[in-house]
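So the structure is just underneath, and the comments pick up after that.
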Number of protein chains: 2
Amino acid sequence: QNKWGYRILDNVIRGKFQGKIFPINHKEKEICGLEAYPSIKDVPDSVDLAIIVVPGKLVPRVLEECLEKRVKAGVMITAGFGEVGAEGKYLEKDLAGIAREGGMVFSGPNCNGLISTACDLSAAMGSIFPPKGTISMVTQSGNIGTLILSRGVKNSVGFSKYVSSGNEACLRSEDFIEFFGEDPETELIISYIEGIKDGRRFFEVCKKVSLNKPILLFKAGGTDGGARAVHSHTGSIAGAGDIFDAACAQTGVLKCDNLDELFDVATTLLRQPLPKSRRVGIVTSGGGWGALASDSCERKGLKVAPISKKSIEALDKILPPWWSKGNPIDLVAGTHQDRDKIFETCIKTLIENNETDSILILGLGLMLELMEKKKKDRTLSEIEERMMAAEMRLADVILRSLDEYGCPIITATDPNSFDKPEENPLFKKLREHQILSFSDTDRAAAVLWAMYKRYRYLEKWGTTTT
Amino acid sequence: QNKWGYRILDNVIRGKFQGKIFPINHKEKEICGLEAYPSIKDVPDSVDLAIIVVPGKLVPRVLEECLEKRVKAGVMITAGFGEVGAEGKYLEKDLAGIAREGGMVFSGPNCNGLISTACDLSAAMGSIFPPKGTISMVTQSGNIGTLILSRGVKNSVGFSKYVSSGNEACLRSEDFIEFFGEDPETELIISYIEGIKDGRRFFEVCKKVSLNKPILLFKAGGTDGGARAVHSHTGSIAGAGDIFDAACAQTGVLKCDNLDELFDVATTLLRQPLPKSRRVGIVTSGGGWGALASDSCERKGLKVAPISKKSIEALDKILPPWWSKGNPIDLVAGTHQDRDKIFETCIKTLIENNETDSILILGLGLMLELMEKKKKDRTLSEIEERMMAAEMRLADVILRSLDEYGCPIITATDPNSFDKPEENPLFKKLREHQILSFSDTDRAAAVLWAMYKRYRYLEKWGTTTT
């Protein structure tokens, strides 16, 4: 039960795969309650996909048997090829040649599997079952891929296809990106890259695909130490950083700096409209956090622009006299009973007066947490109950404003102020509508910046209707 | 019950302040069960500290009354002074002059209070009660200060004193840093800065203090938008970024890039020895994550150095043949039943063969999570039970190695792979020993880099014994 072959089979069964499953094992007659066959050639049916998890020295023979069986596609989990040395590199190249000649393609070797949620197939080493959705991912590291999928599981954000491409002896990242580009079930593509074997083709594919679907990419190996680690991991040669970055920018690939950014940007791009300029309006319940958020935004290239006298006068009417009188709009203390109306007026004023093309809201949900804590000691006063209700209505304010104004609205709240941030009812409600509450202002700013880059790229090519 | 004066009094009472409390109110005779007095002058006892939360126009009169009562110290919560315009700036300067002449000092105005855990005083707007400990903090933003304290509450990391300094009309950040430097209850100092009024004195104080106690600083206002936000928040002028950074480096101030870093570095500096070089050894349970961690480390300035043939041969004896044969040490799949012994040997080999002066461990606790999930479906096999036990023993391996080798050992594990990361028993056990499990490799690298900078600074001044 500790062998990878068993574990992957177990995952396929637990995922409730809709098709037929044929375990192959030269010793056992039955595995996990399924009839097992000594060779794939003995399977009494045609086979669409072979998951190969045998020891390295058996791989050539198993591949030959797949070809005899006319299997068209394989996933080669087995490790110990190109990543351990020159000999392995030749061997995996040979295997790819043999497969192609026989009319078969495969991902791997040294990969962790494949997931396709449409047919409930989870043929991967990690026991992970992402919800159905429209994100597809190809990753050169199964480890990293699983970490991205786990964000989907946690936040109920769905995936369509997941492929771990490993050493890419046969099929490469760009092959999958090209396929995802034409796949009607895929709306957005994620790629984790350690190295690229054919840079020209990779970026040609990306350029073609990115006009229709966003491609988000994260790359390891940008430093000397990272490049060495990459080499021993998937046998890839990591390319020069600056050239790679420029190629991404030219072909519309959104390069992300970390896994959180990858997931945050993907989720937000699928849900929210693109900002039409760099200008961000910040609405905050604390001045220090407004300053932090301004730094986060401007460091990225966004603009926390001053706002007009007209807007300041409009806000003077609803905010206490000591409000910040500028952008960020610091609501300061007070005004809690009609917080929802005040937030709505702030958003409306910023957008209708054309002060900004995106909104960043800070400190949502804190009022609820404070009141929940008080509830433990005593019953809440009427005023406090009204404060809680107003805070909950902020979800509707955001959803309504998103519909009405066509501007992205991002929120960030420090999770450390919450006993159990995931259980906060306001965050839950927003999450049901695929709106994430980011844990810090840097993350929020990274999302807005990526979305603005997407807008700019599409605008350049005259296709800003996404 | 919604007024700030009431809320702060409520917090003082809930925090179980060990001294006497005298509410002052010109209308009420009793507040929160305590006898209230119309003026501080009517209090039938001497007063050590006055918390001033009256409306702005009453502040001068209240201050006069404090002086008559010979109160030595105050906290001026009231806002609406220097941050709203020139007039307020003059007024707060006047107040400071009057106070000083009368033998009184105060923090604020426009601040959120003061906490001293030794006497259980929590006189702050935020209802937060940090555990007792040896970190002291001065912050120009109460909002940000509270976010830092909340990290302490969440991770059971203790604080000694917390001061929100607000507009700093009278006492300034450097006054508190100087005091913390001499305070036997303070081992480490945190400062959040929006602007500095007297840069020379600020850094002279820091230089003197930082030789004995680490000073961690986070600063807002590094961008144009941030500087504008800072100005409307506490009326400060944020200084030029590069000059400020250089002054920090010269005076031993560890400047942090975000709140997480501030807290992570503080906690780790208090618990772990300093690394004596840039060299980091990485031990990982996944190759992709090893590559990410290498990039994180080297981007900061650390070195994921290649290791000697001697060490590789030593590790060949205990690791599967397809291990990475270098640094990062990728344990790859398998080896789960004696994971603790293997980890211990990796650490021992790296340190005893002088390959590295710090260790970064990736992916701890994942095995426990996997097994917990399996437990829900069925009883675990004997092998699986042994795997769980080995994983739990990793806490002892880390604690033992910390004692034995005098090198910092940092861990990072992606929390998204866990249903409830905070409840993972391995993380809990480590947290009980003040060892944090960082949520990503960038955070872990930032901590090691700050610790190395501290080592270098102390080495320069010949005091590397901290």
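To be explicit about the labels: the chains of the structure tokens are called A, B, and onward in the order shown, and within each one the residues are counted from 1, while ligands get numbers from 1 in the order they are shown.
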
Restrict the calculation to only C-alpha atoms, then for each residue of chain A with any atom at most 7 Å from an atom of chain B give the closest atom pair and their distance in Å to one decimal, rows by chain and rising residue number, as a Markdown table.
```
| residue | atom | partner | partner_atom | distance |
| --- | --- | --- | --- | --- |
| A:Gly80 | CA | B:Trp322 | CA | 5.8 |
| A:Val84 | CA | B:Trp322 | CA | 6.7 |
| A:Ser141 | CA | B:Gly288 | CA | 5.3 |
| A:Asn143 | CA | B:Gly286 | CA | 5.7 |
| A:Ile144 | CA | B:Gly288 | CA | 5.7 |
| A:Leu147 | CA | B:Ser417 | CA | 6.5 |
| A:Ser150 | CA | B:Ser417 | CA | 5.5 |
| A:Arg151 | CA | B:Asn416 | CA | 5.6 |
| A:Lys154 | CA | B:Asn416 | CA | 6.8 |
| A:Ala220 | CA | B:Leu292 | CA | 5.7 |
| A:Gly221 | CA | B:Asp295 | CA | 6.3 |
| A:Gly222 | CA | B:Asp295 | CA | 6.3 |
| A:Thr223 | CA | B:Asp295 | CA | 5.4 |
| A:Gly225 | CA | B:Ser294 | CA | 5.3 |
| A:Gly226 | CA | B:Ser294 | CA | 4.6 |
| A:Ala229 | CA | B:Ala291 | CA | 4.9 |
| A:Val230 | CA | B:Ala291 | CA | 5.6 |
| A:Ser232 | CA | B:Ser324 | CA | 5.5 |
| A:His233 | CA | B:Gly287 | CA | 5.3 |
| A:Gly286 | CA | B:Asn143 | CA | 5.8 |
| A:Gly287 | CA | B:His233 | CA | 5.4 |
| A:Gly288 | CA | B:Ser141 | CA | 5.3 |
| A:Trp289 | CA | B:Ile144 | CA | 6.5 |
| A:Gly290 | CA | B:Ala229 | CA | 6.5 |
| A:Ala291 | CA | B:Gly226 | CA | 4.9 |
| A:Leu292 | CA | B:Ala220 | CA | 5.7 |
| A:Ser294 | CA | B:Gly226 | CA | 4.6 |
| A:Asp295 | CA | B:Gly226 | CA | 4.7 |
| A:Glu298 | CA | B:Thr223 | CA | 6.2 |
| A:Arg299 | CA | B:Thr223 | CA | 6.7 |
| A:Val304 | CA | B:Gly225 | CA | 5.3 |
| A:Trp322 | CA | B:Gly80 | CA | 5.9 |
| A:Ser324 | CA | B:Ser232 | CA | 5.5 |
| A:Pro328 | CA | B:Ala229 | CA | 6.3 |
| A:Asn416 | CA | B:Arg151 | CA | 5.6 |
| A:Ser417 | CA | B:Ser150 | CA | 5.5 |
```

Write the residues you've just listed into a file as a tab-separated table (two decimals), in the first residue's frame, and include C-alpha atoms for each of them.
```tsv
chain	number	residue	atom	x	y	z
A	80	GLY	CA	15.59	8.15	-12.74
A	84	VAL	CA	20.23	11.79	-12.91
A	141	SER	CA	7.08	19.78	-11.12
A	143	ASN	CA	5.17	18.90	-6.25
A	144	ILE	CA	4.53	22.53	-7.29
A	147	LEU	CA	0.53	23.03	-4.27
A	150	SER	CA	-4.47	22.60	-3.23
A	151	ARG	CA	-5.23	26.33	-3.41
A	154	LYS	CA	-9.18	25.33	-0.35
A	220	ALA	CA	12.13	28.50	-11.08
A	221	GLY	CA	15.86	28.63	-11.64
A	222	GLY	CA	16.30	32.39	-11.94
A	223	THR	CA	19.32	32.32	-9.60
A	225	GLY	CA	21.39	28.04	-6.84
A	226	GLY	CA	17.94	27.71	-8.32
A	229	ALA	CA	18.43	22.72	-8.20
A	230	VAL	CA	16.38	22.69	-11.38
A	232	SER	CA	19.07	17.96	-10.61
A	233	HIS	CA	15.28	17.99	-10.44
A	286	GLY	CA	-7.03	52.21	9.07
A	287	GLY	CA	-4.51	54.83	8.02
A	288	GLY	CA	-1.37	52.73	8.47
A	289	TRP	CA	-2.74	50.05	6.25
A	290	GLY	CA	-3.65	52.65	3.63
A	291	ALA	CA	-0.01	53.77	3.58
A	292	LEU	CA	1.20	50.17	3.25
A	294	SER	CA	-0.13	52.67	-1.40
A	295	ASP	CA	3.46	51.49	-1.23
A	298	GLU	CA	3.13	52.00	-6.49
A	299	ARG	CA	6.06	49.63	-6.13
A	304	VAL	CA	-2.61	55.77	-6.13
A	322	TRP	CA	-11.12	64.04	10.26
A	324	SER	CA	-8.03	61.59	5.13
A	328	PRO	CA	-6.42	56.38	0.19
A	416	ASN	CA	-3.90	37.31	11.79
A	417	SER	CA	-6.64	39.45	13.30
```

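Using only C-alpha atoms, the protein and nucleic acid residues lying no more than 12 Å from Lys41 in chain A, apart from those fewer than 3 places from it along its own chain, are A:Phe22, A:Pro23, A:Ile24, A:Asn25, A:His26, A:Ala36, A:Tyr37, A:Pro38, A:Pro44, A:Asp45, A:Ser46, A:Val47, A:Ala50, A:Arg61, A:Val62, A:Leu63, A:Glu64, A:Glu65, A:Cys66, A:Leu67, A:Glu68, A:Lys69, A:Arg70, A:Val71.
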
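With CA of Leu95 in chain A on one side and CA of Val138 in chain A on the other, the separation reads 21.1 Å.
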
> Which neighbours of range 114-119 of chain A fall inside 8 Å, counting only C-alpha atoms, when residues of the same chain fewer than 4 positions from it are skipped, and could you give them as a list in words?
Replying inline: Phe17, Gln18, Gly19, Val75, Ala123, Ala124, Pro130, Pro131, Lys132, Gly133, Phe159, Ser160, Lys161, Tyr162, Val163 and Ser164 of chain A

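Among the candidates A:Ala446, A:Leu121, A:Ile135, A:Val283, the one nearest to Arg14 in chain A when counting only C-alpha atoms is A:Leu121.
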
> By how many Å are CA of Asp338 in chain A and CA of Thr356 in chain A apart?
Replying inline: 23.7 Å

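Note that DSSP on the backbone gives strand (DSSP E or B) to these residues of range 51-114 of chain B: Ile51, Ile52, Ala73, Gly74, Val75, Met76, Val105, Phe106, Ser107, Gly113 and Leu114 of chain B.
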
Using C-alpha atoms, can you write the selected residues to a file as a PDB file, in the first residue's frame?
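What landed in part-v4.pdb:
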```pdb
ATOM      1  CA  ILE B  51      -5.277  58.184  29.057  1.00  0.00           C
ATOM      2  CA  ILE B  52      -6.761  61.185  27.251  1.00  0.00           C
ATOM      3  CA  ALA B  73       2.819  60.649  31.780  1.00  0.00           C
ATOM      4  CA  GLY B  74      -0.095  60.635  29.346  1.00  0.00           C
ATOM      5  CA  VAL B  75      -1.368  58.856  26.284  1.00  0.00           C
ATOM      6  CA  MET B  76      -3.179  61.272  23.980  1.00  0.00           C
ATOM      7  CA  VAL B 105       5.400  63.721  28.771  1.00  0.00           C
ATOM      8  CA  PHE B 106       2.884  62.014  26.508  1.00  0.00           C
ATOM      9  CA  SER B 107       2.603  59.769  23.471  1.00  0.00           C
ATOM     10  CA  GLY B 113      -2.829  53.471  23.229  1.00  0.00           C
ATOM     11  CA  LEU B 114      -0.330  51.618  25.332  1.00  0.00           C
TER      12      LEU B 114
END
```

> Residues at most 6 Å from Ala412 in chain A, counting only C-alpha atoms, excluding those fewer than 6 positions away in the same chain, as number ranges by chain?
Replying inline: A: 362, 437-440

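From CA of Asn112 in chain B back to CA of Lys375 in chain A, the distance works out to 23.2 Å.
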
Taking the DSSP assignment computed from this structure's backbone, write out as an mmCIF file with C-alpha atoms, in the first residue's frame all residues of range 51-258 of chain B that belong to alpha helix (DSSP H).
```cif
data_model
loop_
_atom_site.group_PDB
_atom_site.id
_atom_site.type_symbol
_atom_site.label_atom_id
_atom_site.label_comp_id
_atom_site.auth_asym_id
_atom_site.auth_seq_id
_atom_site.Cartn_x
_atom_site.Cartn_y
_atom_site.Cartn_z
ATOM 1 C CA VAL B 59 -7.588 68.495 25.261
ATOM 2 C CA PRO B 60 -5.829 71.719 26.409
ATOM 3 C CA ARG B 61 -8.011 71.984 29.509
ATOM 4 C CA VAL B 62 -7.597 68.301 30.370
ATOM 5 C CA LEU B 63 -3.837 68.611 29.941
ATOM 6 C CA GLU B 64 -3.763 71.576 32.358
ATOM 7 C CA GLU B 65 -5.690 69.524 34.887
ATOM 8 C CA CYS B 66 -3.208 66.675 34.540
ATOM 9 C CA LEU B 67 -0.365 69.084 35.249
ATOM 10 C CA GLU B 68 -2.149 70.422 38.314
ATOM 11 C CA ALA B 86 -0.940 73.352 9.788
ATOM 12 C CA GLU B 87 -3.167 74.655 12.571
ATOM 13 C CA GLY B 88 -3.323 71.237 14.218
ATOM 14 C CA LYS B 89 0.453 70.970 13.935
ATOM 15 C CA TYR B 90 0.983 74.198 15.850
ATOM 16 C CA LEU B 91 -1.557 73.191 18.458
ATOM 17 C CA GLU B 92 0.034 69.813 19.166
ATOM 18 C CA LYS B 93 3.460 71.470 19.397
ATOM 19 C CA ASP B 94 2.054 73.915 21.945
ATOM 20 C CA LEU B 95 0.561 71.071 23.953
ATOM 21 C CA ALA B 96 3.911 69.299 24.013
ATOM 22 C CA GLY B 97 5.632 72.466 25.229
ATOM 23 C CA ILE B 98 3.086 73.031 27.982
ATOM 24 C CA ALA B 99 3.352 69.405 29.106
ATOM 25 C CA ARG B 100 7.168 69.387 29.206
ATOM 26 C CA GLU B 101 7.258 72.650 31.146
ATOM 27 C CA GLY B 142 -1.969 51.821 15.961
ATOM 28 C CA ASN B 143 -3.619 49.930 13.124
ATOM 29 C CA ILE B 144 -0.289 48.402 12.035
ATOM 30 C CA GLY B 145 0.818 47.860 15.629
ATOM 31 C CA THR B 146 -2.323 45.876 16.327
ATOM 32 C CA LEU B 147 -1.675 43.712 13.259
ATOM 33 C CA ILE B 148 1.778 42.879 14.627
ATOM 34 C CA LEU B 149 0.419 42.115 18.112
ATOM 35 C CA SER B 150 -2.212 39.852 16.577
ATOM 36 C CA ARG B 151 0.584 37.714 15.134
ATOM 37 C CA GLY B 152 1.909 37.348 18.664
ATOM 38 C CA VAL B 153 -1.496 36.272 19.954
ATOM 39 C CA LYS B 154 -1.886 33.722 17.133
ATOM 40 C CA ASN B 155 1.551 32.185 17.599
ATOM 41 C CA SER B 173 9.928 56.699 18.444
ATOM 42 C CA GLU B 174 13.594 57.189 19.346
ATOM 43 C CA ASP B 175 12.664 58.037 22.953
ATOM 44 C CA PHE B 176 10.896 54.727 23.287
ATOM 45 C CA ILE B 177 13.679 52.823 21.507
ATOM 46 C CA GLU B 178 16.181 54.371 23.918
ATOM 47 C CA PHE B 179 14.012 53.358 26.854
ATOM 48 C CA PHE B 180 13.532 49.820 25.521
ATOM 49 C CA GLY B 181 17.293 49.605 25.088
ATOM 50 C CA GLU B 182 17.738 50.052 28.840
ATOM 51 C CA GLY B 199 16.887 61.603 11.775
ATOM 52 C CA ARG B 200 20.253 62.187 13.431
ATOM 53 C CA ARG B 201 19.018 61.491 16.938
ATOM 54 C CA PHE B 202 16.870 58.571 15.765
ATOM 55 C CA PHE B 203 19.833 56.761 14.244
ATOM 56 C CA GLU B 204 22.243 57.703 17.053
ATOM 57 C CA VAL B 205 19.876 56.038 19.494
ATOM 58 C CA CYS B 206 19.486 53.003 17.227
ATOM 59 C CA LYS B 207 23.246 52.636 16.856
ATOM 60 C CA LYS B 208 23.731 52.612 20.603
ATOM 61 C CA VAL B 209 20.862 50.218 21.297
ATOM 62 C CA SER B 210 21.321 47.781 18.398
ATOM 63 C CA ASP B 224 4.967 58.749 -3.912
ATOM 64 C CA GLY B 225 1.505 57.399 -3.166
ATOM 65 C CA GLY B 226 2.681 55.935 0.109
ATOM 66 C CA ALA B 227 4.266 59.235 1.139
ATOM 67 C CA ARG B 228 0.997 61.064 0.443
ATOM 68 C CA ALA B 229 -0.928 58.492 2.468
ATOM 69 C CA VAL B 230 1.524 58.816 5.353
ATOM 70 C CA HIS B 231 1.180 62.586 5.353
ATOM 71 C CA SER B 232 -2.595 62.466 5.722
ATOM 72 C CA HIS B 233 -2.313 59.720 8.318
ATOM 73 C CA THR B 234 0.139 60.958 10.948
ATOM 74 C CA GLY B 241 14.297 55.597 0.559
ATOM 75 C CA ASP B 242 17.959 54.979 -0.276
ATOM 76 C CA ILE B 243 19.385 57.290 2.386
ATOM 77 C CA PHE B 244 17.088 55.773 4.963
ATOM 78 C CA ASP B 245 18.129 52.241 3.984
ATOM 79 C CA ALA B 246 21.814 53.141 4.226
ATOM 80 C CA ALA B 247 21.326 54.697 7.658
ATOM 81 C CA CYS B 248 19.587 51.521 8.838
ATOM 82 C CA ALA B 249 22.412 49.332 7.584
ATOM 83 C CA GLN B 250 25.067 51.548 9.235
#
```

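Considering only C-alpha atoms, the residue among B:Pro214, B:Pro275, B:Pro421, B:Gly5 positioned nearest to Leu402 in chain B is B:Pro275.
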
>> Report as a PyMOL selection string all protein, DNA and RNA residues lying within 9 Å of Cys407 in chain B, evaluated on only C-alpha atoms, omitting residues in the same chain fewer than 5 positions from it.
In response: chain B and resi 272-276+351+356-359+401-402

Could the residues in this selection be written to a file with all heavy atoms, as a short mmCIF file (atom, residue, chain, number, x, y, z; two decimals), in the first residue's frame?
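Result saved to part_32.cif:
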```cif
data_model
loop_
_atom_site.label_atom_id
_atom_site.label_comp_id
_atom_site.auth_asym_id
_atom_site.auth_seq_id
_atom_site.Cartn_x
_atom_site.Cartn_y
_atom_site.Cartn_z
N GLN B 272 16.66 31.39 18.08
CA GLN B 272 17.67 30.61 17.40
C GLN B 272 19.02 31.33 17.31
O GLN B 272 19.07 32.56 17.35
CB GLN B 272 17.19 30.27 15.98
CG GLN B 272 15.91 29.44 15.96
CD GLN B 272 15.82 28.51 14.77
OE1 GLN B 272 16.84 28.15 14.16
NE2 GLN B 272 14.62 28.09 14.43
N PRO B 273 20.10 30.54 17.18
CA PRO B 273 21.43 31.15 17.00
C PRO B 273 21.54 31.82 15.63
O PRO B 273 20.75 31.53 14.73
CB PRO B 273 22.37 29.95 17.09
CG PRO B 273 21.55 28.77 16.73
CD PRO B 273 20.16 29.07 17.17
N LEU B 274 22.53 32.72 15.50
CA LEU B 274 22.74 33.41 14.23
C LEU B 274 23.58 32.55 13.28
O LEU B 274 24.47 31.84 13.71
CB LEU B 274 23.47 34.73 14.48
CG LEU B 274 22.74 35.76 15.35
CD1 LEU B 274 23.64 36.96 15.61
CD2 LEU B 274 21.45 36.20 14.69
N PRO B 275 23.31 32.61 11.97
CA PRO B 275 24.14 31.87 11.00
C PRO B 275 25.46 32.59 10.79
O PRO B 275 25.48 33.81 10.66
CB PRO B 275 23.29 31.89 9.73
CG PRO B 275 22.45 33.13 9.85
CD PRO B 275 22.24 33.38 11.32
N LYS B 276 26.56 31.82 10.76
CA LYS B 276 27.88 32.44 10.68
C LYS B 276 28.35 32.67 9.25
O LYS B 276 29.47 33.13 9.02
CB LYS B 276 28.89 31.60 11.46
CG LYS B 276 28.60 31.63 12.96
CD LYS B 276 29.58 30.78 13.75
CE LYS B 276 29.15 30.75 15.21
NZ LYS B 276 27.79 30.14 15.42
N ILE B 351 26.22 19.94 8.59
CA ILE B 351 26.87 20.82 9.57
C ILE B 351 28.24 20.28 9.96
O ILE B 351 29.22 21.03 9.97
CB ILE B 351 25.96 21.04 10.79
CG1 ILE B 351 24.68 21.77 10.32
CG2 ILE B 351 26.68 21.86 11.86
CD1 ILE B 351 23.67 22.00 11.40
N THR B 356 27.62 24.10 5.45
CA THR B 356 26.63 25.17 5.55
C THR B 356 26.53 25.65 7.00
O THR B 356 26.94 24.96 7.91
CB THR B 356 25.26 24.63 5.07
OG1 THR B 356 24.29 25.64 5.26
CG2 THR B 356 24.82 23.42 5.87
N ASP B 357 25.99 26.88 7.18
CA ASP B 357 25.81 27.41 8.53
C ASP B 357 24.34 27.65 8.89
O ASP B 357 24.04 28.31 9.88
CB ASP B 357 26.60 28.70 8.71
CG ASP B 357 28.09 28.40 8.77
OD1 ASP B 357 28.52 27.82 9.78
OD2 ASP B 357 28.79 28.71 7.81
N SER B 358 23.45 27.17 8.04
CA SER B 358 22.02 27.22 8.38
C SER B 358 21.32 26.15 7.56
O SER B 358 21.83 25.71 6.53
CB SER B 358 21.43 28.60 8.09
OG SER B 358 21.56 28.89 6.71
N ILE B 359 20.16 25.74 8.05
CA ILE B 359 19.41 24.66 7.39
C ILE B 359 17.99 25.13 7.13
O ILE B 359 17.37 25.74 8.02
CB ILE B 359 19.35 23.40 8.29
CG1 ILE B 359 20.74 22.95 8.72
CG2 ILE B 359 18.54 22.29 7.61
CD1 ILE B 359 21.41 21.95 7.84
N SER B 401 18.90 19.11 17.18
CA SER B 401 19.95 19.66 16.32
C SER B 401 20.23 21.12 16.64
O SER B 401 21.38 21.57 16.58
CB SER B 401 19.54 19.54 14.84
OG SER B 401 19.26 18.20 14.52
N LEU B 402 19.18 21.87 16.99
CA LEU B 402 19.38 23.28 17.38
C LEU B 402 20.31 23.36 18.58
O LEU B 402 21.22 24.19 18.61
CB LEU B 402 18.03 23.93 17.73
CG LEU B 402 17.27 24.61 16.61
CD1 LEU B 402 15.94 25.13 17.11
CD2 LEU B 402 18.09 25.74 16.00
#
```

>> Quick one: residues within 10 Å of Glu344 in chain A, only C-alpha atoms, excluding same-chain residues fewer than 3 positions away - as a ChimeraX atom specification?
In response: /A:339-341,347-349,394,396-398,400-401
